[in-house]
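Colleague: entry-v8.tsv is the file, holding TSV, C-alpha atoms:
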```tsv
chain	number	residue	atom	x	y	z
A	1099	MET	CA	129.89	92.51	80.68
A	1100	LEU	CA	129.87	90.12	77.71
A	1101	ASP	CA	132.42	87.78	79.35
A	1102	LYS	CA	130.27	87.61	82.47
A	1103	LEU	CA	127.11	86.95	80.46
A	1104	THR	CA	128.83	84.22	78.41
A	1105	ALA	CA	129.94	82.51	81.63
A	1106	ILE	CA	126.39	82.71	83.05
A	1107	GLU	CA	124.95	81.22	79.84
A	1108	ALA	CA	127.49	78.37	80.04
A	1109	LYS	CA	126.46	77.70	83.64
A	1110	TYR	CA	122.79	77.70	82.60
A	1111	SER	CA	123.53	75.16	79.87
A	1112	GLN	CA	125.32	72.94	82.42
A	1113	ILE	CA	122.28	73.08	84.70
A	1114	GLU	CA	120.03	72.11	81.74
A	1115	ALA	CA	122.29	69.15	80.97
A	1116	ARG	CA	122.31	67.98	84.59
A	1117	LEU	CA	118.51	68.24	84.81
A	1118	ALA	CA	118.20	66.16	81.63
A	1119	ALA	CA	120.50	63.42	83.01
A	1120	PRO	CA	118.55	60.34	84.29
A	1121	GLU	CA	120.79	59.93	87.35
A	1122	THR	CA	119.84	63.39	88.64
A	1123	TYR	CA	116.26	62.33	89.30
A	1124	GLY	CA	117.40	59.88	91.96
A	1125	ASP	CA	118.12	62.90	94.18
A	1126	PRO	CA	114.94	65.05	94.63
A	1127	GLU	CA	116.83	67.56	96.77
A	1128	GLN	CA	119.37	68.07	93.98
A	1129	VAL	CA	116.58	68.45	91.41
A	1130	ALA	CA	114.89	71.13	93.53
A	1131	LYS	CA	118.20	72.99	93.93
A	1132	LEU	CA	118.94	72.86	90.17
A	1133	ASN	CA	115.40	73.98	89.28
A	1134	LYS	CA	115.77	76.94	91.63
A	1135	GLU	CA	119.14	77.92	90.11
A	1136	GLN	CA	117.70	77.57	86.61
A	1137	ALA	CA	114.68	79.76	87.46
A	1138	GLU	CA	116.95	82.47	88.89
A	1139	LEU	CA	119.23	82.54	85.82
A	1140	GLN	CA	116.55	82.16	83.14
A	1141	PRO	CA	115.48	85.87	82.81
A	1142	LEU	CA	119.13	86.91	82.37
A	1143	VAL	CA	119.93	84.12	79.90
A	1144	ASP	CA	116.76	84.83	77.86
A	1145	ALA	CA	117.66	88.52	77.66
A	1146	PHE	CA	121.26	87.72	76.68
A	1147	ARG	CA	120.13	85.37	73.92
A	1148	GLN	CA	117.74	88.04	72.62
A	1149	TYR	CA	120.63	90.52	72.65
A	1150	GLN	CA	122.81	88.08	70.67
A	1151	ARG	CA	120.03	87.51	68.11
A	1152	THR	CA	119.63	91.27	67.70
A	1153	LEU	CA	123.39	91.72	67.18
A	1154	SER	CA	123.32	88.96	64.57
A	1155	ALA	CA	120.29	90.53	62.83
A	1156	ARG	CA	122.09	93.90	62.73
A	1157	ASP	CA	125.21	92.39	61.15
A	1158	GLN	CA	123.25	90.37	58.58
A	1159	ALA	CA	121.14	93.40	57.63
A	1160	LYS	CA	124.30	95.48	57.19
A	1161	GLU	CA	125.70	92.91	54.75
A	1162	LEU	CA	122.43	92.76	52.78
A	1163	MET	CA	122.35	96.54	52.30
A	1164	SER	CA	124.91	96.12	49.48
A	1165	ASP	CA	122.29	94.16	47.50
A	1166	PRO	CA	120.10	96.69	45.58
A	1167	GLU	CA	117.07	94.39	45.69
A	1168	MET	CA	117.32	93.85	49.46
A	1169	ARG	CA	118.60	97.30	50.46
A	1170	GLU	CA	115.26	98.84	51.57
A	1171	LEU	CA	114.18	95.84	53.68
A	1172	ALA	CA	117.68	95.39	55.08
A	1173	GLN	CA	117.83	99.07	56.05
A	1174	GLU	CA	114.58	98.73	58.02
A	1175	GLU	CA	115.88	95.64	59.85
A	1176	TYR	CA	119.22	97.33	60.50
A	1177	GLN	CA	117.53	100.41	62.01
A	1178	GLN	CA	115.20	98.24	64.11
A	1179	ALA	CA	118.21	96.38	65.53
A	1180	LEU	CA	119.99	99.68	66.29
A	1181	ASP	CA	116.86	100.89	68.13
A	1182	ASP	CA	116.53	97.64	70.13
A	1183	LEU	CA	120.17	97.23	71.24
A	1184	PRO	CA	120.33	100.11	73.80
A	1185	ARG	CA	117.12	98.89	75.45
A	1186	LEU	CA	118.41	95.31	75.63
A	1187	GLU	CA	121.79	96.49	77.00
A	1188	ARG	CA	120.04	98.43	79.78
A	1189	GLU	CA	117.85	95.41	80.55
A	1190	LEU	CA	120.98	93.26	80.86
A	1191	GLN	CA	122.67	95.83	83.12
A	1192	ILE	CA	119.65	95.79	85.44
A	1193	LEU	CA	119.48	91.97	85.46
A	1194	LEU	CA	123.19	91.85	86.34
A	1195	LEU	CA	122.77	94.07	89.40
A	1196	PRO	CA	123.39	92.28	92.72
A	1197	ARG	CA	120.10	90.78	93.82
A	1198	ASP	CA	118.67	91.01	97.29
A	1199	PRO	CA	118.73	87.38	98.48
A	1200	ASN	CA	115.40	87.96	100.26
A	1201	ASP	CA	113.49	89.28	97.24
A	1202	ARG	CA	111.53	86.08	96.66
A	1203	LYS	CA	110.59	85.60	100.31
A	1204	ASN	CA	107.23	86.11	101.98
A	1205	VAL	CA	106.96	89.21	104.16
A	1206	ILE	CA	105.90	90.02	107.69
A	1207	VAL	CA	104.35	93.49	107.88
A	1208	GLU	CA	104.07	95.24	111.24
A	1209	ILE	CA	101.96	98.41	111.48
A	1210	ARG	CA	101.91	100.55	114.63
A	1211	ALA	CA	99.87	103.67	115.33
A	1212	GLY	CA	102.15	106.60	116.19
A	1213	VAL	CA	101.36	110.24	116.92
A	1214	GLY	CA	97.66	111.11	116.75
A	1215	GLY	CA	95.82	108.81	119.15
A	1216	GLU	CA	92.63	107.26	117.80
A	1217	GLU	CA	93.07	108.92	114.39
A	1218	ALA	CA	96.47	107.25	114.03
A	1219	ALA	CA	94.91	103.90	115.00
A	1220	LEU	CA	92.17	104.33	112.39
A	1221	PHE	CA	94.75	105.13	109.73
A	1222	ALA	CA	96.83	102.10	110.79
A	1223	HIS	CA	93.76	99.99	110.03
A	1224	SER	CA	93.40	101.76	106.66
A	1225	LEU	CA	97.00	100.89	105.78
A	1226	TYR	CA	96.40	97.24	106.73
A	1227	ARG	CA	93.38	97.26	104.39
A	1228	MET	CA	95.47	98.91	101.63
A	1229	TYR	CA	98.21	96.27	101.81
A	1230	SER	CA	95.65	93.45	102.02
A	1231	MET	CA	93.91	94.69	98.87
A	1232	TYR	CA	97.23	95.07	97.05
A	1233	ALA	CA	98.18	91.51	98.08
A	1234	GLU	CA	94.82	90.26	96.79
A	1235	SER	CA	95.43	91.98	93.43
A	1236	GLN	CA	98.76	90.09	93.21
A	1237	ARG	CA	97.04	86.81	94.19
A	1238	TRP	CA	99.04	86.62	97.40
A	1239	LYS	CA	97.70	85.29	100.67
A	1240	THR	CA	97.37	87.54	103.76
A	1241	GLU	CA	97.18	86.14	107.28
A	1242	VAL	CA	96.97	88.15	110.52
A	1243	ASP	CA	99.43	87.00	113.20
A	1244	SER	CA	98.46	89.34	116.05
A	1245	VAL	CA	96.36	92.48	116.43
A	1246	SER	CA	95.48	94.99	119.16
A	1247	GLU	CA	92.25	96.79	118.26
A	1248	THR	CA	90.64	99.98	119.56
A	1249	GLU	CA	86.95	100.49	120.38
A	1250	LEU	CA	86.36	102.70	117.32
A	1251	GLY	CA	87.68	100.12	114.83
A	1252	GLY	CA	91.29	101.21	114.66
A	1253	VAL	CA	94.37	99.15	115.49
A	1254	LYS	CA	97.11	100.11	117.93
A	1255	GLU	CA	99.32	97.55	116.22
A	1256	ILE	CA	98.93	94.66	113.83
A	1257	SER	CA	101.33	92.04	112.50
A	1258	PHE	CA	100.44	90.03	109.41
A	1259	THR	CA	102.16	87.75	106.91
A	1260	ILE	CA	101.83	88.09	103.14
A	1261	GLU	CA	102.71	84.89	101.31
A	1262	GLY	CA	103.60	85.09	97.63
A	1263	ASP	CA	106.58	84.76	95.31
A	1264	GLY	CA	108.40	88.09	95.17
A	1265	ALA	CA	106.33	89.71	97.94
A	1266	TYR	CA	109.41	91.15	99.64
A	1267	SER	CA	110.83	92.53	96.37
A	1268	ARG	CA	107.65	94.61	95.92
A	1269	LEU	CA	106.89	95.64	99.51
A	1270	LYS	CA	110.36	96.23	100.99
A	1271	PHE	CA	110.21	99.95	100.17
A	1272	GLU	CA	107.19	100.42	102.47
A	1273	SER	CA	109.19	100.45	105.72
A	1274	GLY	CA	109.15	103.81	107.48
A	1275	VAL	CA	106.81	106.49	108.82
A	1276	HIS	CA	103.58	107.11	106.91
A	1277	ARG	CA	101.92	110.48	107.62
A	1278	VAL	CA	98.21	111.18	107.16
A	1279	GLN	CA	96.57	114.61	106.93
A	1280	ARG	CA	92.78	114.60	107.11
A	1281	VAL	CA	89.77	115.77	109.11
A	1282	PRO	CA	88.96	113.09	111.73
A	1283	GLU	CA	85.33	111.96	112.02
A	1284	THR	CA	85.43	113.03	115.68
A	1285	GLU	CA	86.54	116.61	114.74
A	1286	SER	CA	83.55	118.96	114.88
A	1287	GLY	CA	85.47	122.07	113.78
A	1288	GLY	CA	86.55	120.59	110.45
A	1289	ARG	CA	90.26	121.07	111.18
A	1290	VAL	CA	92.84	118.93	109.41
A	1291	HIS	CA	94.86	116.77	111.81
A	1292	THR	CA	98.25	115.20	111.14
A	1293	SER	CA	98.92	111.69	112.44
A	1294	THR	CA	101.64	109.13	111.86
A	1295	VAL	CA	101.84	105.36	111.52
A	1296	THR	CA	104.99	103.26	111.46
A	1297	VAL	CA	105.31	100.37	109.01
A	1298	ALA	CA	108.02	97.70	109.14
A	1299	VAL	CA	108.39	95.15	106.34
A	1300	LEU	CA	110.53	92.13	107.20
A	1301	PRO	CA	111.45	89.17	104.98
A	1302	GLU	CA	109.99	86.05	106.57
A	1303	MET	CA	112.93	84.04	107.85
A	1304	GLU	CA	113.00	80.41	108.89
A	1305	GLU	CA	114.63	79.44	112.18
A	1306	ALA	CA	117.48	77.92	110.15
A	1307	ASP	CA	118.21	81.32	108.55
A	1308	VAL	CA	119.05	82.93	111.91
A	1309	GLN	CA	121.07	81.53	114.79
A	1310	LEU	CA	118.49	80.93	117.54
A	1311	ASN	CA	119.56	79.32	120.80
A	1312	PRO	CA	116.55	77.65	122.49
A	1313	ALA	CA	118.04	78.56	125.89
A	1314	ASP	CA	117.70	82.25	124.97
A	1315	ILE	CA	113.95	82.01	124.32
A	1316	GLU	CA	111.27	82.07	127.02
A	1317	MET	CA	107.82	80.92	125.92
A	1318	GLN	CA	104.61	82.00	127.63
A	1319	VAL	CA	101.11	80.83	126.74
A	1320	PHE	CA	97.90	82.76	127.30
A	1321	ARG	CA	94.31	82.88	126.15
A	1322	SER	CA	93.58	84.63	122.88
A	1323	SER	CA	91.72	87.91	123.10
A	1324	GLY	CA	89.65	89.43	120.35
A	1325	ALA	CA	86.20	90.24	119.11
A	1326	GLY	CA	84.85	86.84	120.06
A	1327	GLY	CA	84.13	83.52	118.41
A	1328	GLN	CA	84.34	79.87	119.38
A	1329	HIS	CA	88.13	79.75	119.43
A	1330	VAL	CA	88.63	82.89	121.52
A	1331	ASN	CA	89.18	82.71	125.31
A	1332	LYS	CA	88.57	78.94	125.42
A	1333	THR	CA	92.12	77.54	125.56
A	1334	SER	CA	95.59	78.91	126.21
A	1335	SER	CA	96.65	78.64	122.57
A	1336	ALA	CA	98.19	82.11	122.15
A	1337	VAL	CA	101.97	82.22	122.40
A	1338	ARG	CA	104.38	84.92	123.56
A	1339	LEU	CA	108.10	84.47	122.90
A	1340	ILE	CA	110.74	86.54	124.72
A	1341	HIS	CA	114.26	86.62	123.30
A	1342	LYS	CA	116.20	87.23	126.51
A	1343	PRO	CA	119.49	88.59	125.05
A	1344	THR	CA	117.72	91.38	123.12
A	1345	GLY	CA	114.42	91.73	124.98
A	1346	THR	CA	112.51	91.18	121.72
A	1347	VAL	CA	108.91	90.09	122.38
A	1348	VAL	CA	106.71	88.37	119.78
A	1349	GLU	CA	103.08	87.33	120.15
A	1350	CYS	CA	100.95	85.15	117.89
A	1351	GLN	CA	97.33	84.38	118.72
A	1352	GLN	CA	95.46	83.98	115.44
A	1353	GLU	CA	96.06	80.25	114.85
A	1354	ARG	CA	93.88	77.62	116.49
A	1355	SER	CA	96.60	75.56	118.12
A	1356	GLN	CA	99.45	76.44	120.43
A	1357	PHE	CA	101.86	74.55	118.15
A	1358	GLN	CA	100.85	76.61	115.08
A	1359	ASN	CA	101.14	79.86	117.01
A	1360	ARG	CA	104.57	78.90	118.35
A	1361	ASP	CA	105.79	77.95	114.87
A	1362	LYS	CA	104.64	81.26	113.41
A	1363	ALA	CA	105.99	83.25	116.36
A	1364	MET	CA	109.42	81.63	115.90
A	1365	ARG	CA	109.49	82.75	112.25
A	1366	ILE	CA	108.50	86.29	113.25
A	1367	LEU	CA	111.18	86.32	115.95
A	1368	ALA	CA	113.80	85.13	113.44
A	1369	SER	CA	112.68	87.88	111.03
A	1370	ARG	CA	112.90	90.60	113.68
A	1371	LEU	CA	116.36	89.51	114.83
A	1372	TYR	CA	117.51	89.38	111.20
A	1373	GLU	CA	116.18	92.92	110.63
A	1374	ALA	CA	117.91	94.20	113.79
A	1375	GLU	CA	121.22	92.75	112.58
A	1376	GLN	CA	120.72	94.29	109.11
A	1377	GLU	CA	120.00	97.71	110.63
A	1378	LYS	CA	123.17	97.42	112.70
A	1379	ILE	CA	125.19	96.64	109.54
A	1380	SER	CA	123.44	99.40	107.59
A	1381	SER	CA	124.21	102.05	110.21
A	1382	GLU	CA	127.90	101.51	109.48
A	1383	TYR	CA	127.26	102.72	105.92
A	1384	THR	CA	125.00	105.66	106.74
A	1385	ALA	CA	126.64	108.08	104.30
A	1386	GLN	CA	126.36	105.59	101.47
A	1387	ARG	CA	122.73	104.79	102.23
A	1388	ARG	CA	121.66	108.44	102.29
A	1389	SER	CA	121.74	108.44	98.50
A	1390	GLN	CA	119.57	105.35	98.22
A	1391	VAL	CA	115.79	105.18	97.84
A	1392	GLY	CA	115.38	104.53	101.54
A	1393	SER	CA	117.20	102.77	104.28
A	1394	GLY	CA	114.02	101.09	105.52
A	1395	MET	CA	114.62	102.49	108.99
A	1396	ARG	CA	111.43	102.82	111.03
A	1397	ASN	CA	112.04	106.46	111.93
A	1398	GLU	CA	112.33	107.62	108.31
A	1399	ARG	CA	109.31	109.60	107.06
A	1400	ILE	CA	108.62	108.21	103.62
A	1401	ARG	CA	105.10	109.18	102.51
A	1402	THR	CA	102.25	111.62	103.14
A	1403	TYR	CA	98.57	110.90	102.46
A	1404	ASN	CA	96.74	114.24	102.20
A	1405	PHE	CA	92.99	113.55	102.01
A	1406	PRO	CA	91.70	117.16	101.58
A	1407	GLN	CA	93.94	117.53	98.50
A	1408	GLY	CA	93.42	113.93	97.34
A	1409	ARG	CA	97.15	113.36	96.98
A	1410	VAL	CA	99.77	110.84	97.98
A	1411	THR	CA	103.40	112.01	98.03
A	1412	ASP	CA	106.42	109.77	98.37
A	1413	HIS	CA	109.17	112.02	99.73
A	1414	ARG	CA	112.08	109.77	98.77
A	1415	ILE	CA	111.57	110.14	95.03
A	1416	GLY	CA	109.38	113.26	94.90
A	1417	LEU	CA	106.44	111.36	93.39
A	1418	THR	CA	102.96	112.87	93.87
A	1419	LEU	CA	99.79	111.12	92.72
A	1420	TYR	CA	96.31	112.65	92.86
A	1421	LYS	CA	94.41	109.40	93.28
A	1422	ILE	CA	94.36	108.83	97.02
A	1423	ASP	CA	91.13	106.76	96.95
A	1424	ARG	CA	92.59	104.28	94.48
A	1425	VAL	CA	95.87	104.06	96.44
A	1426	MET	CA	93.97	103.38	99.68
A	1427	ASP	CA	92.07	100.64	97.80
A	1428	GLY	CA	95.36	98.87	97.11
A	1429	ASP	CA	96.37	100.41	93.78
A	1430	LEU	CA	100.07	100.64	94.70
A	1431	THR	CA	101.57	99.49	91.40
A	1432	GLU	CA	102.58	102.95	90.15
A	1433	VAL	CA	104.21	103.91	93.48
A	1434	ILE	CA	106.08	100.61	93.84
A	1435	ASP	CA	107.21	100.59	90.19
A	1436	ALA	CA	108.62	104.12	90.61
A	1437	LEU	CA	110.45	103.17	93.82
A	1438	ALA	CA	111.90	100.02	92.24
A	1439	ALA	CA	113.04	102.01	89.17
A	1440	ALA	CA	114.69	104.67	91.38
A	1441	ASP	CA	116.45	101.95	93.37
A	1442	GLN	CA	117.74	100.35	90.16
A	1443	ALA	CA	118.95	103.74	88.91
A	1444	GLU	CA	120.89	104.31	92.14
A	1445	LYS	CA	122.50	100.89	91.90
A	1446	LEU	CA	123.44	101.44	88.24
A	1447	LYS	CA	125.00	104.79	89.21
A	1448	GLU	CA	127.01	103.14	91.99
A	1449	GLN	CA	128.11	100.36	89.65
A	1450	ALA	CA	129.24	102.91	87.07
```
Mind turning the file's structure into structure tokens?
Modeller:
Amino acid sequence: MLDKLTAIEAKYSQIEARLAAPETYGDPEQVAKLNKEQAELQPLVDAFRQYQRTLSARDQAKELMSDPEMRELAQEEYQQALDDLPRLERELQILLLPRDPNDRKNVIVEIRAGVGGEEAALFAHSLYRMYSMYAESQRWKTEVDSVSETELGGVKEISFTIEGDGAYSRLKFESGVHRVQRVPETESGGRVHTSTVTVAVLPEMEEADVQLNPADIEMQVFRSSGAGGQHVNKTSSAVRLIHKPTGTVVECQQERSQFQNRDKAMRILASRLYEAEQEKISSEYTAQRRSQVGSGMRNERIRTYNFPQGRVTDHRIGLTLYKIDRVMDGDLTEVIDALAAADQAEKLKEQA
């Protein structure tokens, strides 16, 4: 591990030197690339340098313990260094784990009502609200791409983009089937109903990230439909893209111009095709993935929201929280932190 960390620190120093060189600034593209590399390596290099300082402090304190006048102070510093080293070593192990190349990307979230009719549609809307409020707490931007609403205020399906650094790294564990148990407002007998909603979280891909042949894509335009407003049903600005080889259909109708809707729809299409390819690759390693925090497959039941008991249970890690109101208001930090920690633990186990 130390050899690898020393090599990474050397690379970081080279990047610093290149960024300080006057000739580098004649190439803005190169500057942007170097800045990105530096930002990616900095947490690891900072942790390694802290680890080296702690090692040095331990060794110096050990030497000073032979001096009667300095022994007490040196012993305290020596013990502090011994306490800090295991924590710093674990931090370095985690930072050295292979990183998901999509972690820093924006995300496209698709929510679809499943079993349960109108109750499922109402819960799908509640999940959209939950993710929107979480995004707001992270100072991320949420933008609806397409939505199909029901008369009672639910959504049959909704697709929206969350823009923010690291959005995918935090939300990627949300893919799967979410189950709700509660008494619907339309239920006169007070019986608890169980409904399901499917969530898919995709890293937002650019067209350049996925091989897209224009000849494979059919574009249709139509008038936007919605609750009303000056930009609804006036022009054919909504766009539907059909990827003929796979039959994948994407719609985008929330932007004001056809060009904006097409641009966004192309990114969503690229993201869906990327996800399909990843699922195909993942299925080849099914046995390996069973031990992981979640494969992200859409048919995997991941969480139950039980309103009568006020609890939220994540089945992948056995986490139960009795604060359903706060979770539904976007307080997802504890759940996501626990999922990320479990994922790191699995990766460390595999690495070992």
Colleague: Would you list the contacts of stretch 1110-1124 of chain A as a list of chain:residue names, taking every protein, DNA or RNA residue within 12 Å and counting all atoms listed in the file, but skipping same-chain residues closer than 2 positions in sequence?
Modeller: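 Near stretch 1110-1124 of chain A, the qualifying residues are A:Leu1103, A:Thr1104, A:Ala1105, A:Ile1106, A:Glu1107, A:Ala1108, A:Pro1126, A:Glu1127, A:Gln1128, A:Val1129, A:Ala1130, A:Lys1131, A:Leu1132, A:Asn1133, A:Lys1134, A:Glu1135, A:Gln1136, A:Ala1137, A:Glu1138, A:Leu1139, A:Gln1140, A:Pro1141, A:Leu1142, A:Val1143, A:Asp1144, A:Phe1146, A:Arg1147.
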Colleague: Kindly save the residues from that selection, with C-alpha atoms included, as a short mmCIF file (atom, residue, chain, number, x, y, z; two decimals), keeping the file's coordinate frame.
Modeller:
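The resulting file, part-v6.cif, is shown below:
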```cif
data_model
loop_
_atom_site.label_atom_id
_atom_site.label_comp_id
_atom_site.auth_asym_id
_atom_site.auth_seq_id
_atom_site.Cartn_x
_atom_site.Cartn_y
_atom_site.Cartn_z
CA LEU A 1103 127.11 86.95 80.46
CA THR A 1104 128.83 84.22 78.41
CA ALA A 1105 129.94 82.51 81.63
CA ILE A 1106 126.39 82.71 83.05
CA GLU A 1107 124.95 81.22 79.84
CA ALA A 1108 127.49 78.37 80.04
CA PRO A 1126 114.94 65.05 94.63
CA GLU A 1127 116.83 67.56 96.77
CA GLN A 1128 119.37 68.07 93.98
CA VAL A 1129 116.58 68.45 91.41
CA ALA A 1130 114.89 71.13 93.53
CA LYS A 1131 118.20 72.99 93.93
CA LEU A 1132 118.94 72.86 90.17
CA ASN A 1133 115.40 73.98 89.28
CA LYS A 1134 115.77 76.94 91.63
CA GLU A 1135 119.14 77.92 90.11
CA GLN A 1136 117.70 77.57 86.61
CA ALA A 1137 114.68 79.76 87.46
CA GLU A 1138 116.95 82.47 88.89
CA LEU A 1139 119.23 82.54 85.82
CA GLN A 1140 116.55 82.16 83.14
CA PRO A 1141 115.48 85.87 82.81
CA LEU A 1142 119.13 86.91 82.37
CA VAL A 1143 119.93 84.12 79.90
CA ASP A 1144 116.76 84.83 77.86
CA PHE A 1146 121.26 87.72 76.68
CA ARG A 1147 120.13 85.37 73.92
#
```
Colleague: Applying 8 Å and only C-alpha atoms, which residues near A:Lys1160 remain after dropping the ones on its own chain fewer than 2 positions away? List them as a PDB file with C-alpha atoms, in the frame of the given file.
Modeller:
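In the end it all went to around_33.pdb:
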```pdb
ATOM      1  CA  ARG A1156     122.090  93.900  62.730  1.00  0.00           C
ATOM      2  CA  ASP A1157     125.210  92.390  61.150  1.00  0.00           C
ATOM      3  CA  GLN A1158     123.250  90.370  58.580  1.00  0.00           C
ATOM      4  CA  LEU A1162     122.430  92.760  52.780  1.00  0.00           C
ATOM      5  CA  MET A1163     122.350  96.540  52.300  1.00  0.00           C
ATOM      6  CA  SER A1164     124.910  96.120  49.480  1.00  0.00           C
ATOM      7  CA  ALA A1172     117.680  95.390  55.080  1.00  0.00           C
ATOM      8  CA  GLN A1173     117.830  99.070  56.050  1.00  0.00           C
ATOM      9  CA  TYR A1176     119.220  97.330  60.500  1.00  0.00           C
TER      10      TYR A1176
END
```
Colleague: For A:Glu1216, which of A:Leu1437, A:Val1295, A:Val1319, A:Ala1336 is the closest residue, counting only C-alpha atoms?
Modeller: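 Going through A:Leu1437, A:Val1295, A:Val1319, A:Ala1336 one by one, the smallest distance to A:Glu1216 is for A:Val1295.
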Colleague: Tell me which protein, DNA and RNA residues are within 9 Å of A:Ile1192, counting all atoms listed in the file, leaving out same-chain ones fewer than 5 positions away, and put them as a tab-separated table (two decimals) with C-alpha atoms, keeping the file's coordinate frame.
Modeller:
```tsv
chain	number	residue	atom	x	y	z
A	1187	GLU	CA	121.79	96.49	77.00
A	1442	GLN	CA	117.74	100.35	90.16
A	1443	ALA	CA	118.95	103.74	88.91
A	1445	LYS	CA	122.50	100.89	91.90
A	1446	LEU	CA	123.44	101.44	88.24
```
Colleague: If we draw a sphere of 6 Å around (91.2, 111.9, 105.2), which residues have at least one atom in it when counting all atoms listed in the file? Please report them as a ChimeraX atom specification.
Modeller: /A:1280-1281,1405
Colleague: For the residues in the current selection, export C-alpha atoms as a PDB file, keeping the file's coordinate frame.
Modeller:
```pdb
ATOM      1  CA  ARG A1280      92.780 114.600 107.110  1.00  0.00           C
ATOM      2  CA  VAL A1281      89.770 115.770 109.110  1.00  0.00           C
ATOM      3  CA  PHE A1405      92.990 113.550 102.010  1.00  0.00           C
TER       4      PHE A1405
END
```
Colleague: Could you check the closest approach to A:Ile1206 for each of A:Leu1417, A:Leu1300, A:Val1410, A:Ile1400 and tell me which residue wins, using only C-alpha atoms?
Modeller: A:Leu1300
Colleague: So for stretch 1141-1156 of chain A, what box centre and size do we get, axis-aligned, 5 Å extra on each of the six sides, every listed atom, Å to one decimal, as lines of an AutoDock Vina configuration file?
Modeller:
```
center_x = 119.4
center_y = 89.0
center_z = 72.8
size_x = 17.9
size_y = 19.8
size_z = 30.1
```
Colleague: Just the number, please: distance in Å from atom CA of A:Leu1220 to atom CA of A:Gly1262, one decimal.
Modeller: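 Going from atom CA of A:Leu1220 over to atom CA of A:Gly1262, I get 26.8 Å.
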Colleague: May I ask which of the residues A:His1341, A:Arg1354, A:His1291, A:Arg1197 is the closest one to A:Ala1368, counting only C-alpha atoms?
Modeller: A:His1341
Colleague: Give as a list in words the set of residues within 9 Å of the point (124.4, 84.6, 112.4), where distances use the file's coordinates and all atoms listed in the file.
Modeller: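 Final list of nearby residues, as requested, is Asp1307, Val1308, Gln1309, Leu1310, Tyr1372 and Glu1375 of chain A.
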Colleague: For a quick check of understanding, using all atoms listed in the file, which of A:Val1213, A:Val1207, A:Val1275, A:Cys1350 has the smallest distance to A:Arg1414?
Modeller: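 Checking each of A:Val1213, A:Val1207, A:Val1275, A:Cys1350 against A:Arg1414, counting all atoms listed in the file, the winner is A:Val1275.
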Colleague: Quick one: of A:Phe1221, A:Phe1271, A:Tyr1149, A:Tyr1232, who's nearest to A:Val1425, counting all atoms listed in the file?
Modeller: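 Nearest to A:Val1425: A:Tyr1232.
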Colleague: Provide the atom CA of A:Val1242 to atom CA of A:Asp1412 distance in Å, to one decimal place.
Modeller: 26.5 Å
Colleague: Kindly indicate which residue among A:Asp1263, A:Asp1165, A:Asp1423, A:Asp1181 lies nearest to A:Arg1409, using only C-alpha atoms for the distances.
Modeller: A:Asp1423
Colleague: List as a list in words the protein and nucleic acid residues near A:Leu1367, meaning an atom at most 9 Å away when all atoms listed in the file are counted, but skip any in the same chain fewer than 3 places from it.
Modeller: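 These residues fall inside the cut-off: Met1303, Glu1305, Leu1339, Ile1340, His1341, Thr1346, Val1347, Val1348, Lys1362, Ala1363, Met1364, Arg1370, Leu1371 and Tyr1372 of chain A.
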Colleague: If we count only C-alpha atoms and set the cut-off at 8 Å, which residues sit around A:Tyr1403, ignoring sequence neighbours fewer than 4 positions away in its own chain? Please answer as an mmCIF file with C-alpha atoms, in the coordinates of the input.
Modeller:
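Everything below was put into out-v1.cif:
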```
data_model
loop_
_atom_site.group_PDB
_atom_site.id
_atom_site.type_symbol
_atom_site.label_atom_id
_atom_site.label_comp_id
_atom_site.auth_asym_id
_atom_site.auth_seq_id
_atom_site.Cartn_x
_atom_site.Cartn_y
_atom_site.Cartn_z
ATOM 1 C CA HIS A 1276 103.580 107.110 106.910
ATOM 2 C CA ARG A 1277 101.920 110.480 107.620
ATOM 3 C CA VAL A 1278 98.210 111.180 107.160
ATOM 4 C CA GLN A 1279 96.570 114.610 106.930
ATOM 5 C CA GLY A 1408 93.420 113.930 97.340
ATOM 6 C CA ARG A 1409 97.150 113.360 96.980
ATOM 7 C CA VAL A 1410 99.770 110.840 97.980
ATOM 8 C CA THR A 1411 103.400 112.010 98.030
ATOM 9 C CA ILE A 1422 94.360 108.830 97.020
#
```
